[in-house]
Amino acid sequence: MTDVRVRFAPSPTGDLHIGGVRTALFNWLFAKNKKGRFILRIEDTDEIRSTETSVKVILNAMKWLKLDWDEGPDIENLRYSPYYQMERKEKGIYQKYADELVAKKFAYYCYCTLEELDDMRKKAYANKIPSKYDGRCRNLTLKQREQKRNEGKIPVIRFKMPDTGIIVLNDIIRGEVKFNNFLLDDFIVIKANGIPTYNFACVVDDYLMEITHVLRGDDHISNTPKQIHIYNALNWNVPKFAHLAMILGSDGARLSKRHGHMSVLEYRKEGYLQEALINYLALLGWSTETSQQVFTIEDMKQKFSIERCGTSPSIFDSAKLLWLNGEKIRSKNPEQIYELFIDWLNYTGNDKLIECWDTKLLKKAIFLERDKIRLLKDIPSLVDFFFTKDVDYKEDAVQTVFLSDKLKSIAKFVLIESSIRLSNHQDFSAISLEKYARDLAIEKNVNTSQVFHPMRVAISGRKQGPSLFHMMEIMGKEEVVRRINVAINKFFK
RNA sequence: GCUGCCAUCGUCUAGCGGUUUAGGACAUCGCCCUCUCAAGGCGAAGGUCACGGGUUCAAAUCCCGUUGGCAGCGCCA
């Protein structure tokens with residue numbers, strides 16, 4: 001059995017989107033599962049829309065996602081180089097095979113103008129017949145061609161589609177899909193500018209790069225019969241195809257700007273983890289027998305198979321992605337979350353935010369709040385009160401916990417007592433502090449919450465936050481007492 | 001319009017003819033835990049398996065048709 005070789009072949013005409021990532025991911029997983037090779041090829045044959053920036057963005061996104069490629073850009077001395085189609089075009093790779101097609105009468109020169117073609121399409125639509133090229137240039141004589149050329153017309157090369165018969169695509173996911181040759185177009189193989197079209201370049205490269213399996217979105221399924229015809233005409237082995245069902249937006253239409261995030265890097269900015277996005281996307285169109293939801297990357301590599309990919313399209317559900325992100329964060333230790341957070345700060349340019357924050361305290365604070373973090377960007381607002389010298393006393397907290405008629409006097413008592421007693425408290429551990437607070441409640445004959453809440457607000461300025469005594473422990477005696485005194489002076493003088 | 005693909009709780013899905021009173025996950029709701037918010041535990045609600053015909057002793061599962069959704073129909077990829 002030959003080794004598996006798969007590729008992801010994006011066109012650099014924009015950012016890397018969710019659908020693209022999913023395609024890249026499934027190819028990557030398949031390669032890893034089969035101990036094969038994952039190839040990245042840049043299909044930059046769209047002269048107008050391809051940009052260098054886009055190449056960089058895609059490469060960066062792939063790197064962030066840790067979808068590493070065995071062959072492709074930025075890797076030296078590769079057998080199948082180059083991996084940019086325009087570089088390959090410069091080497092005459094495509095023209096050579098196009099000429100071969102013409103020589104073998106599988107293709108011909110076409111001199112039709114854009115206007116003529118547009119006309120044809122409109123008529124086909126109006127007459128409710130299949131829209132395709134009518135083949136008027138198929139049998140031009142040498143003389144006719146010469147004349148056209150003299151008129152200054154530059155030809156394209158078209159593939160001559162058989163008028164009869166059917167072609168069968170044997171898709172790994174969908175099984176047999178049949179197409180009637182008559183309905184297939186005499187598609188263009190080489191454009192007038194000498195650049196190959198997608199349907200041709202893709203086939204030539206997949207053949208030359210010895211691609212064994214083509215995994216792609218099913219929006220490509222109608223291209224496949226055309227491509228198979230090229231393989232056959234050139235007498236090449238046809239790779240195995242697998243067409244993945246599309247990922248749709250919440251309204252059931254193709255994912256687009258309207259559905260919010262487009263670029264992968266935007267997910268990174270929001271504070272999603274690479275592994276969460278990967279895990280979530282794997283769930284869209286692939287499943288295990290047990291319907292397992294949470295995977296490590298290793299686990300996914302081990303269990304992935306094309307046969308278990310589904311046929312029906314799925315709708316992107318950001319609520320589930322969010323849950324999964326929290327799930328991944330909860331599985332990390334303090335050091336890991338801290339690292340992730342720092343990476344995120346650097347990436348988003350928010351690193352100044354924590355300039356004055358003590359690293360040791362930050363790690364502890366983050367870990368205390370770990371279960372609440374769903375996105376990396378949640379972290380600052382969850383822990384910032386540990387570091388701000390001027391506690392921001394929330395109006396709502398002050399009103400309900402400090403100043404309501406019912407609780408005012410007890411709150412005052414708790415704070416004043418705590419100010420005195422805590423400054424003499426020897427063991428500032430969470431356990432000891434909790435005992436202190438509970439004893440105070442018993443002593444004063446009130447509910448524990450009537451003691452806990454005022455302390456929480458005095459120390460953090462908020463009603464919600466981490467476990468009170470752990471929070472006090474990591475903040476330290478001096479700061480805790482200081483804050484309590486600030487609160488007394490501010491609200492109870 | 002033509003061609004192709006698809007169809008199980010709101011969403012992602014398990015299911016490959018009998019073990020299914022259709023299982024899991026997210027979201028929703030309730031209870032428990034509890035110093036708050038989360039997390040966690042337990043539970044509930046939610047599906048006429050799109051519809052209609054077959055085949056079969058037996059169908060979510062196989063076949064046909066209908067309907068609906070989506071995709072493609074470029075000198076874009």
# chains A, B, ... in the order shown; residues from 1 in each chain; ligands from 1
>>> interface_residues(of="chain B", to="chain A", cutoff="9 Å", atoms="only C-alpha atoms (C1' of nucleotides)", output="PyMOL selection string")
chain B and resi 1-7+11-15+24-27+35-39+69-73+75-77
>>> residues_around(residues="His425 (chain A)", least_positions_apart="6", cutoff="10 Å", atoms="only C-alpha atoms (C1' of nucleotides)", output="list of chain:residue names")
A:Ser418, A:Ser432, A:Leu433, A:Tyr436, A:Lys477
>>> select_by_dssp(residues="region 186-262 of chain A", states="alpha helix (DSSP H)", output="PyMOL selection string")
chain A and resi 198-208+224-233
>>> write_last_selection(atoms="N, CA and C atoms", output="mmCIF file, in the first residue's frame")
data_model
loop_
_atom_site.group_PDB
_atom_site.id
_atom_site.type_symbol
_atom_site.label_atom_id
_atom_site.label_comp_id
_atom_site.auth_asym_id
_atom_site.auth_seq_id
_atom_site.Cartn_x
_atom_site.Cartn_y
_atom_site.Cartn_z
ATOM 1 N N TYR A 198 -8.333 26.578 -11.998
ATOM 2 C CA TYR A 198 -8.326 25.713 -10.826
ATOM 3 C C TYR A 198 -8.484 24.239 -11.188
ATOM 4 N N ASN A 199 -9.498 23.933 -11.985
ATOM 5 C CA ASN A 199 -9.801 22.540 -12.285
ATOM 6 C C ASN A 199 -8.660 21.806 -12.982
ATOM 7 N N PHE A 200 -7.792 22.560 -13.617
ATOM 8 C CA PHE A 200 -6.668 21.930 -14.306
ATOM 9 C C PHE A 200 -5.421 21.894 -13.416
ATOM 10 N N ALA A 201 -5.099 23.045 -12.847
ATOM 11 C CA ALA A 201 -3.894 23.133 -12.020
ATOM 12 C C ALA A 201 -3.948 22.131 -10.871
ATOM 13 N N CYS A 202 -5.128 22.053 -10.306
ATOM 14 C CA CYS A 202 -5.352 21.170 -9.182
ATOM 15 C C CYS A 202 -5.058 19.715 -9.540
ATOM 16 N N VAL A 203 -5.523 19.305 -10.695
ATOM 17 C CA VAL A 203 -5.314 17.921 -11.130
ATOM 18 C C VAL A 203 -3.836 17.657 -11.418
ATOM 19 N N VAL A 204 -3.229 18.588 -12.155
ATOM 20 C CA VAL A 204 -1.819 18.415 -12.510
ATOM 21 C C VAL A 204 -0.978 18.303 -11.231
ATOM 22 N N ASP A 205 -1.243 19.185 -10.294
ATOM 23 C CA ASP A 205 -0.442 19.175 -9.064
ATOM 24 C C ASP A 205 -0.718 17.954 -8.199
ATOM 25 N N ASP A 206 -1.970 17.594 -8.092
ATOM 26 C CA ASP A 206 -2.283 16.419 -7.289
ATOM 27 C C ASP A 206 -1.601 15.184 -7.877
ATOM 28 N N TYR A 207 -1.553 15.144 -9.184
ATOM 29 C CA TYR A 207 -0.869 14.020 -9.829
ATOM 30 C C TYR A 207 0.637 14.084 -9.571
ATOM 31 N N LEU A 208 1.217 15.251 -9.874
ATOM 32 C CA LEU A 208 2.666 15.397 -9.731
ATOM 33 C C LEU A 208 3.111 15.236 -8.272
ATOM 34 N N THR A 224 -15.577 17.645 -9.541
ATOM 35 C CA THR A 224 -14.870 16.371 -9.554
ATOM 36 C C THR A 224 -14.991 15.600 -10.862
ATOM 37 N N PRO A 225 -16.190 15.487 -11.458
ATOM 38 C CA PRO A 225 -16.245 14.754 -12.733
ATOM 39 C C PRO A 225 -15.346 15.381 -13.800
ATOM 40 N N LYS A 226 -15.289 16.705 -13.821
ATOM 41 C CA LYS A 226 -14.420 17.364 -14.805
ATOM 42 C C LYS A 226 -12.973 16.974 -14.559
ATOM 43 N N GLN A 227 -12.610 16.964 -13.302
ATOM 44 C CA GLN A 227 -11.225 16.637 -12.975
ATOM 45 C C GLN A 227 -10.894 15.188 -13.295
ATOM 46 N N ILE A 228 -11.852 14.321 -13.062
ATOM 47 C CA ILE A 228 -11.617 12.908 -13.379
ATOM 48 C C ILE A 228 -11.373 12.729 -14.879
ATOM 49 N N HIS A 229 -12.102 13.518 -15.675
ATOM 50 C CA HIS A 229 -11.900 13.455 -17.131
ATOM 51 C C HIS A 229 -10.461 13.804 -17.499
ATOM 52 N N ILE A 230 -9.885 14.768 -16.802
ATOM 53 C CA ILE A 230 -8.494 15.140 -17.084
ATOM 54 C C ILE A 230 -7.557 13.984 -16.734
ATOM 55 N N TYR A 231 -7.758 13.416 -15.555
ATOM 56 C CA TYR A 231 -6.924 12.273 -15.167
ATOM 57 C C TYR A 231 -6.978 11.197 -16.246
ATOM 58 N N ASN A 232 -8.201 10.890 -16.690
ATOM 59 C CA ASN A 232 -8.370 9.840 -17.691
ATOM 60 C C ASN A 232 -7.696 10.189 -19.010
ATOM 61 N N ALA A 233 -7.865 11.441 -19.437
ATOM 62 C CA ALA A 233 -7.302 11.849 -20.726
ATOM 63 C C ALA A 233 -5.783 11.742 -20.714
#
>>> residues_around(residues="region 103-107 of chain A", least_positions_apart="4", cutoff="6 Å", atoms="only C-alpha atoms (C1' of nucleotides)", output="list in words")
Arg158, Phe159 and Lys160 of chain A
>>> write_last_selection(atoms="N, CA and C atoms", output="mmCIF file, in the first residue's frame")
data_model
loop_
_atom_site.group_PDB
_atom_site.id
_atom_site.type_symbol
_atom_site.label_atom_id
_atom_site.label_comp_id
_atom_site.auth_asym_id
_atom_site.auth_seq_id
_atom_site.Cartn_x
_atom_site.Cartn_y
_atom_site.Cartn_z
ATOM 1 N N ARG A 158 -9.683 24.827 -24.100
ATOM 2 C CA ARG A 158 -10.824 24.160 -23.472
ATOM 3 C C ARG A 158 -10.710 22.657 -23.551
ATOM 4 N N PHE A 159 -11.211 22.008 -22.544
ATOM 5 C CA PHE A 159 -11.252 20.547 -22.551
ATOM 6 C C PHE A 159 -12.466 20.107 -23.365
ATOM 7 N N LYS A 160 -12.265 19.139 -24.223
ATOM 8 C CA LYS A 160 -13.368 18.651 -25.051
ATOM 9 C C LYS A 160 -14.106 17.536 -24.319
#
>>> residues_around(residues="region 40-52 of chain B", least_positions_apart="3", cutoff="7 Å", atoms="only C-alpha atoms (C1' of nucleotides)", output="list in words")
A7, U8, C9, G30, A60 and U67 of chain B
>>> atom_distance(atom1="CA of Asp15 (chain A)", atom2="CA of Ala242 (chain A)")
24.2 Å
>>> residues_around(residues="U56 (chain B)", least_positions_apart="6", cutoff="12 Å", atoms="only C-alpha atoms (C1' of nucleotides)", output="PDB file with C-alpha atoms (C1' of nucleotides), in the first residue's frame")
ATOM      1  C1'   G B  17     -33.325  -4.596   9.701  1.00  0.00           C
ATOM      2  C1'   G B  18     -35.187  -7.128  15.571  1.00  0.00           C
ATOM      3  C1'   C B  62     -33.577  -1.125   2.476  1.00  0.00           C
ATOM      4  C1'   C B  63     -36.253   0.719  -2.352  1.00  0.00           C
TER       5        C B  63
END
>>> select_by_dssp(residues="region 115-303 of chain A", states="strand (DSSP E)", output="ChimeraX atom specification")
/A:156-159,166-171,175-180,188-190,213-217,240-244,247-248
>>> write_last_selection(atoms="C-alpha atoms", output="compact mmCIF listing (two decimals), in the first residue's frame")
# COMPACT_ATOMS: atom_id res chain seq x y z
CA VAL A 156 -7.99 29.87 -24.22
CA ILE A 157 -7.65 26.11 -24.13
CA ARG A 158 -10.82 24.16 -23.47
CA PHE A 159 -11.25 20.55 -22.55
CA ILE A 166 -21.68 8.92 -17.80
CA ILE A 167 -18.82 9.36 -15.40
CA VAL A 168 -18.85 7.84 -11.95
CA LEU A 169 -17.27 9.35 -8.90
CA ASN A 170 -16.62 6.84 -6.18
CA ASP A 171 -16.67 9.00 -3.12
CA GLY A 175 -20.51 6.32 -2.43
CA GLU A 176 -21.24 6.38 -6.15
CA VAL A 177 -22.18 9.72 -7.65
CA LYS A 178 -22.98 9.69 -11.33
CA PHE A 179 -22.78 12.55 -13.81
CA ASN A 180 -23.96 12.71 -17.37
CA ILE A 188 -11.29 26.13 -19.70
CA VAL A 189 -7.97 24.60 -18.86
CA ILE A 190 -5.61 27.47 -19.66
CA HIS A 213 -6.70 11.20 -1.17
CA VAL A 214 -8.53 14.41 -1.92
CA LEU A 215 -10.61 15.56 1.06
CA ARG A 216 -12.49 18.78 0.42
CA GLY A 217 -15.78 20.54 0.94
CA LYS A 240 -9.58 8.72 -3.90
CA PHE A 241 -12.10 11.47 -3.24
CA ALA A 242 -14.01 12.31 -0.09
CA HIS A 243 -16.40 15.25 -0.02
CA LEU A 244 -17.16 16.74 3.37
CA ILE A 247 -20.69 23.98 7.58
CA LEU A 248 -23.58 26.43 7.54
>>> atom_distance(atom1="CA of Phe428 (chain A)", atom2="CA of Thr388 (chain A)")
21.1 Å
>>> atom_distance(atom1="CA of Lys148 (chain A)", atom2="CA of Lys122 (chain A)")
24.3 Å
